[in-house]
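Next up, run.cif (mmCIF, C-alpha atoms):
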data_my_file
loop_
_atom_site.label_atom_id
_atom_site.label_comp_id
_atom_site.auth_asym_id
_atom_site.auth_seq_id
_atom_site.Cartn_x
_atom_site.Cartn_y
_atom_site.Cartn_z
CA MET Z 190 32.23 59.71 27.52
CA SER Z 191 35.17 57.54 28.48
CA SER Z 192 34.90 58.84 32.02
CA TYR Z 193 31.51 57.22 32.06
CA TYR Z 194 32.46 53.70 31.00
CA LEU Z 195 31.35 50.70 33.11
CA PRO Z 196 32.72 47.43 31.72
CA SER Z 197 29.99 45.16 33.15
CA LEU Z 198 27.26 47.47 31.88
CA GLU Z 199 28.83 47.80 28.44
CA SER Z 200 29.18 44.05 28.16
CA LEU Z 201 25.50 43.60 28.97
CA VAL Z 202 24.51 46.28 26.45
CA GLU Z 203 26.69 44.63 23.83
CA HIS Z 204 25.00 41.26 24.44
CA PHE Z 205 21.52 42.73 24.10
CA GLU Z 206 22.62 44.56 20.97
CA SER Z 207 23.66 41.27 19.39
CA LEU Z 208 20.03 40.07 19.49
CA PRO Z 209 17.93 40.52 16.34
CA SER Z 210 16.07 43.83 15.87
CA ILE Z 211 17.57 45.39 19.00
CA GLY Z 212 19.59 48.54 18.34
CA HIS Z 213 22.01 50.34 20.62
CA LYS Z 214 19.39 52.55 22.31
CA SER Z 215 17.06 49.64 23.03
CA ALA Z 216 19.97 47.53 24.25
CA GLN Z 217 20.91 50.30 26.66
CA ARG Z 218 17.34 50.58 27.89
CA LEU Z 219 17.11 46.82 28.44
CA ALA Z 220 20.45 46.75 30.29
CA TYR Z 221 19.32 49.56 32.61
CA PHE Z 222 16.09 47.67 33.18
CA ILE Z 223 18.10 44.63 34.26
CA LEU Z 224 20.09 46.81 36.69
CA LYS Z 225 16.85 47.95 38.28
CA MET Z 226 15.39 44.44 38.54
CA PRO Z 227 15.32 42.60 41.84
CA GLU Z 228 18.46 40.47 42.04
CA GLU Z 229 16.63 37.10 42.11
CA ARG Z 230 14.72 38.06 38.98
CA ALA Z 231 17.94 38.90 37.11
CA LYS Z 232 19.51 35.65 38.27
CA SER Z 233 16.48 33.68 37.19
CA PHE Z 234 16.71 35.37 33.75
CA ALA Z 235 20.35 34.30 33.47
CA LYS Z 236 19.41 30.80 34.58
CA ALA Z 237 16.58 30.64 32.02
CA ILE Z 238 19.07 31.38 29.24
CA VAL Z 239 21.50 28.70 30.35
CA SER Z 240 18.86 26.07 31.04
CA ALA Z 241 17.03 26.64 27.75
CA LYS Z 242 20.34 26.25 25.98
CA GLU Z 243 21.23 23.11 27.94
CA ASN Z 244 17.88 21.33 27.85
CA ILE Z 245 16.65 22.09 24.38
CA HIS Z 246 18.05 20.44 21.27
CA TYR Z 247 16.82 19.10 17.92
CA CYS Z 248 14.27 16.26 17.81
CA LYS Z 249 16.08 13.21 16.40
CA ARG Z 250 13.37 12.76 13.81
CA CYS Z 251 12.00 16.12 12.67
CA CYS Z 252 14.71 18.56 13.90
CA ASN Z 253 12.13 20.58 15.83
CA PHE Z 254 13.26 21.86 19.22
CA THR Z 255 12.56 19.47 22.09
CA ASP Z 256 13.81 18.68 25.57
CA LYS Z 257 13.44 14.92 25.02
CA GLU Z 258 14.79 12.53 22.38
CA PHE Z 259 11.77 13.07 20.12
CA CYS Z 260 9.47 16.08 20.14
CA ASN Z 261 5.88 15.81 21.39
CA ILE Z 262 4.48 15.95 17.88
CA CYS Z 263 6.67 13.08 16.61
CA ASP Z 264 5.90 11.15 19.78
CA SER Z 265 2.14 11.56 19.48
CA LYS Z 266 0.13 8.47 18.51
CA GLU Z 267 -2.73 10.61 17.20
CA ARG Z 268 -0.74 12.21 14.41
CA ASP Z 269 -0.68 10.97 10.83
CA SER Z 270 2.99 10.27 10.38
CA SER Z 271 2.72 9.64 6.63
CA ILE Z 272 2.38 13.35 5.84
CA ILE Z 273 5.31 15.65 6.57
CA CYS Z 274 4.99 19.40 6.57
CA VAL Z 275 8.39 20.98 5.86
CA VAL Z 276 8.93 24.35 7.54
CA GLU Z 277 11.83 26.75 7.75
CA ASP Z 278 11.71 27.35 11.44
CA PRO Z 279 10.26 25.95 14.70
CA LYS Z 280 8.27 29.19 15.06
CA ASP Z 281 6.37 28.21 11.91
CA ILE Z 282 5.17 25.04 13.64
CA SER Z 283 3.44 27.04 16.35
CA ALA Z 284 1.81 29.14 13.64
CA ILE Z 285 0.48 26.06 11.83
CA GLU Z 286 -0.55 24.36 15.08
CA ARG Z 287 -2.69 27.38 15.93
CA THR Z 288 -4.85 26.77 12.84
CA GLN Z 289 -5.80 23.30 14.17
CA GLU Z 290 -6.14 22.26 10.50
CA PHE Z 291 -3.13 20.01 10.41
CA ASN Z 292 -2.81 16.70 12.19
CA ALA Z 293 0.30 15.18 10.68
CA VAL Z 294 4.00 15.67 11.42
CA TYR Z 295 6.65 18.25 10.60
CA HIS Z 296 10.19 18.60 9.46
CA VAL Z 297 12.18 21.71 10.35
CA LEU Z 298 14.88 22.85 7.90
CA HIS Z 299 16.27 25.54 10.25
CA GLY Z 300 16.66 28.05 7.45
CA VAL Z 301 16.42 28.34 3.68
CA ILE Z 302 18.99 28.02 0.94
CA SER Z 303 20.46 31.49 0.57
CA PRO Z 304 23.71 31.77 -1.38
CA ILE Z 305 23.98 35.47 -0.50
CA ASN Z 306 24.15 34.59 3.19
CA GLY Z 307 26.40 31.61 2.52
CA ILE Z 308 23.70 29.07 3.43
CA GLY Z 309 23.77 26.04 1.17
CA PRO Z 310 21.77 22.78 1.40
CA ASP Z 311 24.36 21.29 3.76
CA GLU Z 312 23.67 23.92 6.43
CA LEU Z 313 20.00 22.87 6.58
CA CYS Z 314 18.36 19.72 7.97
CA ILE Z 315 17.85 18.30 4.49
CA LYS Z 316 19.74 15.02 4.84
CA GLU Z 317 17.56 14.21 7.86
CA LEU Z 318 14.48 14.70 5.67
CA LEU Z 319 15.85 12.40 2.96
CA GLU Z 320 16.65 9.86 5.66
CA ARG Z 321 13.01 9.93 6.76
CA LEU Z 322 11.86 9.45 3.16
CA LYS Z 323 14.04 6.36 2.97
CA ASN Z 324 13.08 4.81 6.29
CA GLU Z 325 9.52 5.92 6.96
CA ASN Z 326 6.33 5.30 5.07
CA ILE Z 327 5.64 8.77 3.68
CA SER Z 328 2.77 9.53 1.31
CA GLU Z 329 2.99 13.29 1.03
CA ILE Z 330 5.40 16.15 1.69
CA ILE Z 331 3.85 19.58 2.16
CA MET Z 332 6.24 22.44 1.46
CA ALA Z 333 5.49 25.19 3.95
CA THR Z 334 8.56 27.36 3.50
CA ASN Z 335 7.89 31.10 3.53
CA PRO Z 336 6.52 32.56 0.27
CA THR Z 337 9.73 34.49 -0.36
CA VAL Z 338 12.20 34.05 -3.20
CA GLU Z 339 14.48 31.96 -1.00
CA GLY Z 340 11.63 29.94 0.49
CA GLU Z 341 10.33 29.19 -3.01
CA ALA Z 342 13.76 28.24 -4.30
CA THR Z 343 14.28 25.92 -1.35
CA ALA Z 344 10.90 24.29 -1.97
CA MET Z 345 11.76 23.76 -5.64
CA TYR Z 346 15.16 22.36 -4.76
CA LEU Z 347 13.65 19.95 -2.23
CA SER Z 348 10.86 18.82 -4.55
CA LYS Z 349 13.49 17.82 -7.11
CA LEU Z 350 15.35 15.82 -4.46
CA ILE Z 351 12.13 14.16 -3.29
CA ARG Z 352 10.67 13.26 -6.71
CA PRO Z 353 12.82 10.05 -7.07
CA PHE Z 354 11.14 8.68 -3.93
CA GLY Z 355 7.77 8.74 -5.73
CA VAL Z 356 6.19 10.79 -2.96
CA LYS Z 357 3.56 13.43 -3.63
CA VAL Z 358 4.97 16.91 -3.04
CA THR Z 359 2.56 19.77 -2.42
CA ARG Z 360 2.90 23.46 -1.68
CA LEU Z 361 0.82 25.67 0.61
CA ALA Z 362 -1.73 27.60 -1.45
CA TYR Z 363 -1.24 31.26 -2.10
CA GLY Z 364 -3.70 32.28 0.51
CA ILE Z 365 -0.71 33.60 2.40
CA PRO Z 366 0.20 37.11 1.31
CA VAL Z 367 3.33 36.97 -0.85
CA GLY Z 368 6.38 38.59 0.71
CA ALA Z 369 5.12 38.26 4.27
CA SER Z 370 6.37 35.85 6.87
CA LEU Z 371 4.56 32.69 8.11
CA GLU Z 372 5.12 33.73 11.67
CA TYR Z 373 2.75 36.68 11.29
CA ALA Z 374 0.07 35.03 9.15
CA ASP Z 375 -3.37 35.01 10.76
CA GLU Z 376 -5.03 31.68 11.48
CA VAL Z 377 -7.77 31.98 8.83
CA THR Z 378 -5.38 32.77 6.01
CA LEU Z 379 -3.07 30.02 7.13
CA SER Z 380 -5.81 27.38 7.31
CA ARG Z 381 -7.03 28.39 3.81
CA ALA Z 382 -3.50 27.87 2.65
CA ILE Z 383 -3.36 24.40 4.17
CA LEU Z 384 -6.72 23.36 2.64
CA GLY Z 385 -5.81 24.73 -0.81
CA ARG Z 386 -2.35 23.19 -1.14
CA SER Z 387 -1.41 22.15 -4.69
CA GLU Z 388 0.96 19.66 -6.26
CA ILE Z 389 4.32 21.00 -7.47
CA MET M 831 -0.62 24.14 21.53
CA SER M 832 -0.25 22.20 24.76
CA SER M 833 1.38 19.33 22.87
CA TYR M 834 4.03 21.80 21.89
CA TYR M 835 4.95 23.17 25.30
CA LEU M 836 8.63 23.24 26.36
CA PRO M 837 9.01 24.53 29.93
CA SER M 838 12.58 25.85 29.56
CA LEU M 839 11.68 27.63 26.33
CA GLU M 840 8.50 29.12 27.77
CA SER M 841 10.37 30.36 30.82
CA LEU M 842 12.93 32.10 28.60
CA VAL M 843 10.16 33.65 26.48
CA GLU M 844 8.42 34.82 29.64
CA HIS M 845 11.62 36.47 30.89
CA PHE M 846 12.17 38.30 27.63
CA GLU M 847 8.53 39.36 27.60
CA SER M 848 8.96 40.99 31.01
CA LEU M 849 11.45 43.46 29.52
CA PRO M 850 10.13 46.86 28.44
CA SER M 851 8.78 47.25 24.89
CA ILE M 852 9.16 43.55 24.11
CA GLY M 853 5.90 41.80 23.22
CA HIS M 854 5.15 38.09 23.01
CA LYS M 855 6.20 37.65 19.37
CA SER M 856 9.49 39.48 19.86
CA ALA M 857 10.14 37.56 23.06
CA GLN M 858 9.62 34.31 21.16
CA ARG M 859 11.95 35.40 18.40
CA LEU M 860 14.64 36.39 20.91
CA ALA M 861 14.29 33.08 22.76
CA TYR M 862 14.66 31.13 19.52
CA PHE M 863 17.68 33.24 18.68
CA ILE M 864 19.24 32.24 22.01
CA LEU M 865 18.57 28.56 21.21
CA LYS M 866 20.47 28.94 17.95
CA MET M 867 23.41 30.78 19.51
CA PRO M 868 26.69 28.99 20.16
CA GLU M 869 26.59 27.67 23.73
CA GLU M 870 29.51 29.81 24.98
CA ARG M 871 27.80 32.92 23.66
CA ALA M 872 24.58 32.11 25.53
CA LYS M 873 26.52 31.38 28.70
CA SER M 874 28.42 34.64 28.38
CA PHE M 875 25.06 36.45 27.98
CA ALA M 876 23.81 34.86 31.19
CA LYS M 877 27.06 35.74 32.93
CA ALA M 878 26.83 39.36 31.72
CA ILE M 879 23.40 39.69 33.33
CA VAL M 880 24.55 38.29 36.67
CA SER M 881 27.82 40.21 36.75
CA ALA M 882 26.21 43.55 35.79
CA LYS M 883 23.73 42.98 38.58
CA GLU M 884 26.45 42.06 41.07
CA ASN M 885 29.03 44.71 40.21
CA ILE M 886 26.89 47.73 39.53
CA HIS M 887 25.17 49.71 42.26
CA TYR M 888 24.36 53.32 43.09
CA CYS M 889 27.17 55.86 43.56
CA LYS M 890 27.20 56.81 47.26
CA ARG M 891 27.07 60.46 46.37
CA CYS M 892 24.98 61.02 43.24
CA CYS M 893 23.05 57.71 42.93
CA ASN M 894 24.33 57.20 39.38
CA PHE M 895 25.27 53.62 38.50
CA THR M 896 28.88 52.71 39.24
CA ASP M 897 31.03 49.68 39.93
CA LYS M 898 33.08 51.51 42.58
CA GLU M 899 32.11 53.42 45.72
CA PHE M 900 31.76 56.71 43.85
CA CYS M 901 31.09 57.09 40.14
CA ASN M 902 33.77 58.41 37.79
CA ILE M 903 32.07 61.78 37.50
CA CYS M 904 31.89 62.34 41.27
CA ASP M 905 35.47 61.09 41.59
CA SER M 906 36.84 63.44 38.94
CA LYS M 907 38.97 66.34 40.14
CA GLU M 908 38.24 68.33 36.96
CA ARG M 909 34.53 68.67 37.61
CA ASP M 910 32.91 71.68 39.27
CA SER M 911 31.24 70.00 42.24
CA SER M 912 29.31 73.11 43.28
CA ILE M 913 26.75 72.73 40.47
CA ILE M 914 24.46 69.70 40.51
CA CYS M 915 22.37 68.71 37.51
CA VAL M 916 19.35 66.67 38.69
CA VAL M 917 18.20 64.03 36.20
CA GLU M 918 15.55 61.34 36.24
CA ASP M 919 17.65 58.53 34.97
CA PRO M 920 21.29 57.46 34.42
CA LYS M 921 20.55 57.39 30.66
CA ASP M 922 19.98 61.15 30.82
CA ILE M 923 23.55 61.60 32.04
CA SER M 924 24.94 60.02 28.87
CA ALA M 925 22.72 62.35 26.82
CA ILE M 926 24.02 65.44 28.64
CA GLU M 927 27.63 64.20 28.57
CA ARG M 928 27.41 63.88 24.80
CA THR M 929 26.85 67.64 24.51
CA GLN M 930 30.27 68.28 26.17
CA GLU M 931 28.71 71.53 27.46
CA PHE M 932 28.46 70.52 31.08
CA ASN M 933 31.42 70.08 33.39
CA ALA M 934 29.82 69.84 36.81
CA VAL M 935 28.25 66.91 38.68
CA TYR M 936 24.92 65.09 38.63
CA HIS M 937 22.29 63.66 40.89
CA VAL M 938 20.07 60.82 39.69
CA LEU M 939 16.52 60.59 41.07
CA HIS M 940 15.77 57.19 39.51
CA GLY M 941 12.29 58.18 38.46
CA VAL M 942 9.74 60.96 38.88
CA ILE M 943 6.94 61.49 41.33
CA SER M 944 3.95 59.77 39.80
CA PRO M 945 0.98 59.10 42.10
CA ILE M 946 -0.79 57.09 39.36
CA ASN M 947 2.08 54.60 39.33
CA GLY M 948 2.37 54.69 43.10
CA ILE M 949 5.74 56.47 43.07
CA GLY M 950 6.05 59.06 45.83
CA PRO M 951 9.06 61.15 46.91
CA ASP M 952 10.27 58.34 49.18
CA GLU M 953 10.78 55.99 46.24
CA LEU M 954 13.23 58.43 44.63
CA CYS M 955 16.78 59.44 45.62
CA ILE M 956 15.58 62.75 47.09
CA LYS M 957 16.87 62.41 50.63
CA GLU M 958 20.35 61.76 49.20
CA LEU M 959 20.09 65.07 47.31
CA LEU M 960 19.05 66.96 50.45
CA GLU M 961 21.94 65.32 52.28
CA ARG M 962 24.33 66.71 49.66
CA LEU M 963 22.81 70.18 50.02
CA LYS M 964 23.51 70.00 53.74
CA ASN M 965 27.04 68.65 53.57
CA GLU M 966 28.50 69.96 50.33
CA ASN M 967 29.17 73.47 49.14
CA ILE M 968 26.51 73.79 46.42
CA SER M 969 25.86 77.02 44.49
CA GLU M 970 23.33 75.89 41.88
CA ILE M 971 20.92 73.04 41.19
CA ILE M 972 19.92 72.56 37.55
CA MET M 973 16.61 70.71 37.14
CA ALA M 974 16.95 68.47 34.09
CA THR M 975 13.92 66.24 34.56
CA ASN M 976 12.00 65.47 31.38
CA PRO M 977 9.58 68.16 30.14
CA THR M 978 6.55 66.00 30.94
CA VAL M 979 3.79 66.68 33.44
CA GLU M 980 5.43 64.38 35.97
CA GLY M 981 8.93 65.69 35.31
CA GLU M 982 7.66 69.25 35.79
CA ALA M 983 5.83 68.39 38.98
CA THR M 984 8.91 66.68 40.38
CA ALA M 985 11.06 69.70 39.53
CA MET M 986 8.56 72.03 41.26
CA TYR M 987 8.40 69.77 44.30
CA LEU M 988 12.20 69.62 44.57
CA SER M 989 12.67 73.36 44.09
CA LYS M 990 10.37 73.94 47.06
CA LEU M 991 12.43 71.54 49.17
CA ILE M 992 15.67 73.18 48.06
CA ARG M 993 14.64 76.85 48.56
CA PRO M 994 15.34 76.82 52.35
CA PHE M 995 18.99 76.01 51.61
CA GLY M 996 19.37 79.34 49.78
CA VAL M 997 20.72 77.65 46.66
CA LYS M 998 19.93 78.89 43.11
CA VAL M 999 17.58 76.49 41.32
CA THR M 1000 17.44 76.60 37.51
CA ARG M 1001 15.58 74.67 34.82
CA LEU M 1002 16.75 73.58 31.35
CA ALA M 1003 15.49 76.02 28.68
CA TYR M 1004 12.39 75.13 26.71
CA GLY M 1005 12.22 75.87 23.01
CA ILE M 1006 12.09 74.45 19.54
CA PRO M 1007 14.54 71.59 19.01
CA VAL M 1008 17.45 72.52 16.76
CA GLY M 1009 16.94 71.19 13.24
CA ALA M 1010 13.19 70.77 13.69
CA SER M 1011 10.62 72.71 11.75
CA LEU M 1012 8.44 75.48 13.23
CA GLU M 1013 5.50 74.09 11.31
CA TYR M 1014 5.49 70.91 13.37
CA ALA M 1015 6.31 72.40 16.78
CA ASP M 1016 3.39 72.06 19.19
CA GLU M 1017 1.75 75.17 20.63
CA VAL M 1018 3.10 74.75 24.14
CA THR M 1019 6.70 74.38 22.98
CA LEU M 1020 6.35 77.29 20.60
CA SER M 1021 4.87 79.64 23.20
CA ARG M 1022 7.66 78.67 25.62
CA ALA M 1023 10.15 79.40 22.83
CA ILE M 1024 8.60 82.85 22.30
CA LEU M 1025 8.58 83.64 26.03
CA GLY M 1026 12.16 82.50 26.41
CA ARG M 1027 13.51 84.34 23.34
CA SER M 1028 16.98 85.80 23.64
CA GLU M 1029 18.75 88.69 21.93
CA ILE M 1030 20.91 87.83 18.94
#
What's the structure tokens form of this structure?
Amino acid sequence: MSSYYLPSLESLVEHFESLPSIGHKSAQRLAYFILKMPEERAKSFAKAIVSAKENIHYCKRCCNFTDKEFCNICDSKERDSSIICVVEDPKDISAIERTQEFNAVYHVLHGVISPINGIGPDELCIKELLERLKNENISEIIMATNPTVEGEATAMYLSKLIRPFGVKVTRLAYGIPVGASLEYADEVTLSRAILGRSEI
Amino acid sequence: MSSYYLPSLESLVEHFESLPSIGHKSAQRLAYFILKMPEERAKSFAKAIVSAKENIHYCKRCCNFTDKEFCNICDSKERDSSIICVVEDPKDISAIERTQEFNAVYHVLHGVISPINGIGPDELCIKELLERLKNENISEIIMATNPTVEGEATAMYLSKLIRPFGVKVTRLAYGIPVGASLEYADEVTLSRAILGRSEI
């Protein structure tokens, strides 16, 4: 085996392997695929990684990913900025946007409170949310964390923090199958969940 | 959706999606994972792609991947260079090396003849193999293409090309995989196993 070792190949395999849900075999297959790509295509892949990393950062208001100061949703004049939908992850925004049932704004936590994984409230974009509650005119916060134990716990934790502001806090209805992930919810289920939200 | 479009993110997703066995959802998840990586890590990923592409090319003798002129296996003095094992893909070499049963050299075709996918003999490293038959002192060619219709056809095609050189051409044995159960073996495999039975 050692007679077969190529450092540049191994390094590429190791990088692919560090990505989520990619094991050693898949990483190897992907690395070989890169080796067989036309050179410009491989270079453009490398460039896409660097430029995504350089251009994309958190929106100053809602912590969603954006390549400007504020994301397109926060910037939009057509959105109701008095209702904030709190999600775990930017991916969840695309899921909710696909339902076309929601025309207000978002706030991205970038995770959930998870003591087992060493993620406490300070690792999440919670202070930014409280800042918005102080400075903006908010009438309702919709908790749209995933219906998992950690998502629930985070929603409960946040609703306690938000209560002093006298803002209505709601939760997506259990139209979404418990234990699943928002990212994979179908549009119909997700729009039912938005329409049936209830106060915590 | 359009209000949510980030060109650098979409380009990264599109690049991941072009990799084998990665669909749109997975590509999105991988792209988001890159966005959350530390910047040096993302840059080192990009660099790994470019440097693998720049440093690794075909071995001048066996068409395996290498970062030198000849691959380590061709370069080795301990290998029997009169027996060539013909494989479809560099990945197959690692599989055979793991058995530690084979101490000769390889030749990589980089694919199989597949008219449906527009791959003819000229797209494969076949002329390089014939060149070796002319110039080197070869006693046996072992066909180790995959036991698929296309792998079989390629092996048959090659053995016809090789016959004029008066070299022995062999094929990996077919049979039931070790550790598998007879009950689940398919008919073709099982009849090959019966035909190829050996004395205990």
Using only C-alpha atoms and a cut-off of 8 Å, which residues of chain M sit close to chain Z? Please list them as a PyMOL selection string.
chain M and resi 831+833-834+836+838-839+841-842+845+849-850+859-860+863-865+869+872-873+875-883+885-886+896-897+902-903+924+927-928
Answer as a PyMOL selection string, residues within 6 Å of (11.9, 12.6, 15.2) using only C-alpha atoms
chain Z and resi 248-251+259+263
Residue nearest Lys957 (chain M) - candidates M:Ala934, M:Leu988, M:Val997, M:Ile914, atoms counted: all atoms listed in the file:
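Ranking M:Ala934, M:Leu988, M:Val997, M:Ile914 by distance to Lys957 (chain M), first place goes to M:Leu988.
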Given only C-alpha atoms as the basis, pick out the residue of Z:Ala333, Z:Leu350, Z:Val358, Z:Ile305 nearest to Phe291 (chain Z).
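Looking at the shortest contact to Phe291 (chain Z), the residue is Z:Ala333.
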For the file shown, report as a ChimeraX atom specification the outcome of the PyMOL selection byres ((chain M and resi 1023-1030) around 9) at residue level.
/M:1003-1006,1018-1022
Just C-alpha atoms for this one: save the residues we selected as an mmCIF file, in the coordinates of the input.
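Result saved to again-v7.cif:
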data_model
loop_
_atom_site.group_PDB
_atom_site.id
_atom_site.type_symbol
_atom_site.label_atom_id
_atom_site.label_comp_id
_atom_site.auth_asym_id
_atom_site.auth_seq_id
_atom_site.Cartn_x
_atom_site.Cartn_y
_atom_site.Cartn_z
ATOM 1 C CA ALA M 1003 15.490 76.020 28.680
ATOM 2 C CA TYR M 1004 12.390 75.130 26.710
ATOM 3 C CA GLY M 1005 12.220 75.870 23.010
ATOM 4 C CA ILE M 1006 12.090 74.450 19.540
ATOM 5 C CA VAL M 1018 3.100 74.750 24.140
ATOM 6 C CA THR M 1019 6.700 74.380 22.980
ATOM 7 C CA LEU M 1020 6.350 77.290 20.600
ATOM 8 C CA SER M 1021 4.870 79.640 23.200
ATOM 9 C CA ARG M 1022 7.660 78.670 25.620
#
Find the residues with any atom within 12 Å of (21.5, 68.2, 47.7); use all atoms listed in the file and the coordinates as given in the file, and write the answer as a ChimeraX atom specification.
/M:891-893,911-916,935-939,955-973,988-989,991-999
Could you write out the selected residues, including C-alpha atoms, as a short mmCIF file (atom, residue, chain, number, x, y, z; two decimals), in the frame of the given file?
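Dumped to selection_30.cif:
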data_model
loop_
_atom_site.label_atom_id
_atom_site.label_comp_id
_atom_site.auth_asym_id
_atom_site.auth_seq_id
_atom_site.Cartn_x
_atom_site.Cartn_y
_atom_site.Cartn_z
CA ARG M 891 27.07 60.46 46.37
CA CYS M 892 24.98 61.02 43.24
CA CYS M 893 23.05 57.71 42.93
CA SER M 911 31.24 70.00 42.24
CA SER M 912 29.31 73.11 43.28
CA ILE M 913 26.75 72.73 40.47
CA ILE M 914 24.46 69.70 40.51
CA CYS M 915 22.37 68.71 37.51
CA VAL M 916 19.35 66.67 38.69
CA VAL M 935 28.25 66.91 38.68
CA TYR M 936 24.92 65.09 38.63
CA HIS M 937 22.29 63.66 40.89
CA VAL M 938 20.07 60.82 39.69
CA LEU M 939 16.52 60.59 41.07
CA CYS M 955 16.78 59.44 45.62
CA ILE M 956 15.58 62.75 47.09
CA LYS M 957 16.87 62.41 50.63
CA GLU M 958 20.35 61.76 49.20
CA LEU M 959 20.09 65.07 47.31
CA LEU M 960 19.05 66.96 50.45
CA GLU M 961 21.94 65.32 52.28
CA ARG M 962 24.33 66.71 49.66
CA LEU M 963 22.81 70.18 50.02
CA LYS M 964 23.51 70.00 53.74
CA ASN M 965 27.04 68.65 53.57
CA GLU M 966 28.50 69.96 50.33
CA ASN M 967 29.17 73.47 49.14
CA ILE M 968 26.51 73.79 46.42
CA SER M 969 25.86 77.02 44.49
CA GLU M 970 23.33 75.89 41.88
CA ILE M 971 20.92 73.04 41.19
CA ILE M 972 19.92 72.56 37.55
CA MET M 973 16.61 70.71 37.14
CA LEU M 988 12.20 69.62 44.57
CA SER M 989 12.67 73.36 44.09
CA LEU M 991 12.43 71.54 49.17
CA ILE M 992 15.67 73.18 48.06
CA ARG M 993 14.64 76.85 48.56
CA PRO M 994 15.34 76.82 52.35
CA PHE M 995 18.99 76.01 51.61
CA GLY M 996 19.37 79.34 49.78
CA VAL M 997 20.72 77.65 46.66
CA LYS M 998 19.93 78.89 43.11
CA VAL M 999 17.58 76.49 41.32
#
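As for CA of Glu847 (chain M) and CA of His213 (chain Z), they are spaced 18.7 Å apart.
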